[in-house]
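Student: Take this structure, written in structure tokens, and hold onto it; I'll ask about it next.
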Amino acid sequence: GAVVSQHPSWVICKSGTSVKIECRSLDFQATTMFWYRQFPKQSLMLMATSNEGSKATYEQGVEKDKFLINHASLTLSTLTVTSAHPEDSSFYICSASPWASGQFFGPGTRLTVL
Amino acid sequence: DAKTTQPPSMDCAEGRAANLPCNHSTISGNEYVYWYRQIHSQGPQYIIHGLKNNETNEMASLIITEDRKSSTLILPHATLRDTAVYYCIAGQTGANNLFFGTGTRLTVIP
């Protein structure tokens, strides 16, 4: 099956710093990737849609200047949490679709902001 | 995307079949039924999907009613490793985002 990786798998940072999370499709190309966020005991919430070569589309309530998304190639999308604060601590998950089928998800990145 | 409704939790004895129901009464003609599961602290894992015919793969079977308003995911012989939250999602194929509801927390009991 299609494989999506994320790096890092977990990160701890100080409040006010920026953190970059990478999402890679390892065995397929993806013009579109999705970024989700999941708080403890809650379901996944879509944050934004990452489009290769163009600007990301953000869901309502998600600050585009805080969560910077770059989709520079067909196999890589990055999410940068700028000036992170404790309330940004969450489980961040990306996904991509290799064909007209289901989506495949990365293993997730757990961010803890101190 | 159509909304789905699932029971919040279910238990299943190890070795028995686990039957997870899902209602999607407002599903549109071009929306598929997808099933994913999420084991604690991991990304969702794709299980199976279908449009209107029943589907089977190495993980599970998907039974979709003729009117497509509901479906059932069947894990034929549940193991302890099948303990997870199972999400039923109605959505379009390909590069379209998926809306995750609250899912069903399946606990497989020894």
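By convention here, the chains of the structure tokens are called A, B, ... in the order presented, each chain's residues are numbered starting at 1, and ligands are numbered starting at 1 in the order presented.
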Could you give me the residues within chain A that DSSP places in strand (DSSP E), as a VMD selection string?
Tutor: chain A and resid 4 to 7 10 to 13 19 to 25 32 to 38 45 to 51 57 to 58 67 to 73 76 to 81 90 to 96 104 to 105 109 to 113
Student: Within 9 Å of chain B, which residues of chain A show up when using only C-alpha atoms, listed as number ranges by chain?
Tutor: A: 30-34, 42-46, 49, 91, 93-110
Student: Under the rule that only C-alpha atoms are counted, which of B:Thr26, B:Thr56, B:Thr5, B:Asn19 is the nearest residue to B:Lys69?
Tutor: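 Once distances to B:Lys69 are computed over only C-alpha atoms, the minimum belongs to B:Thr26.
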Student: Give me the residues near A:Ala48 as an MDAnalysis selection string, where near means some atom within 8 Å (using only C-alpha atoms) and where sequence neighbours in that chain fewer than 6 positions away do not count.
Tutor: chainID A and resid 34:36 56:59 62
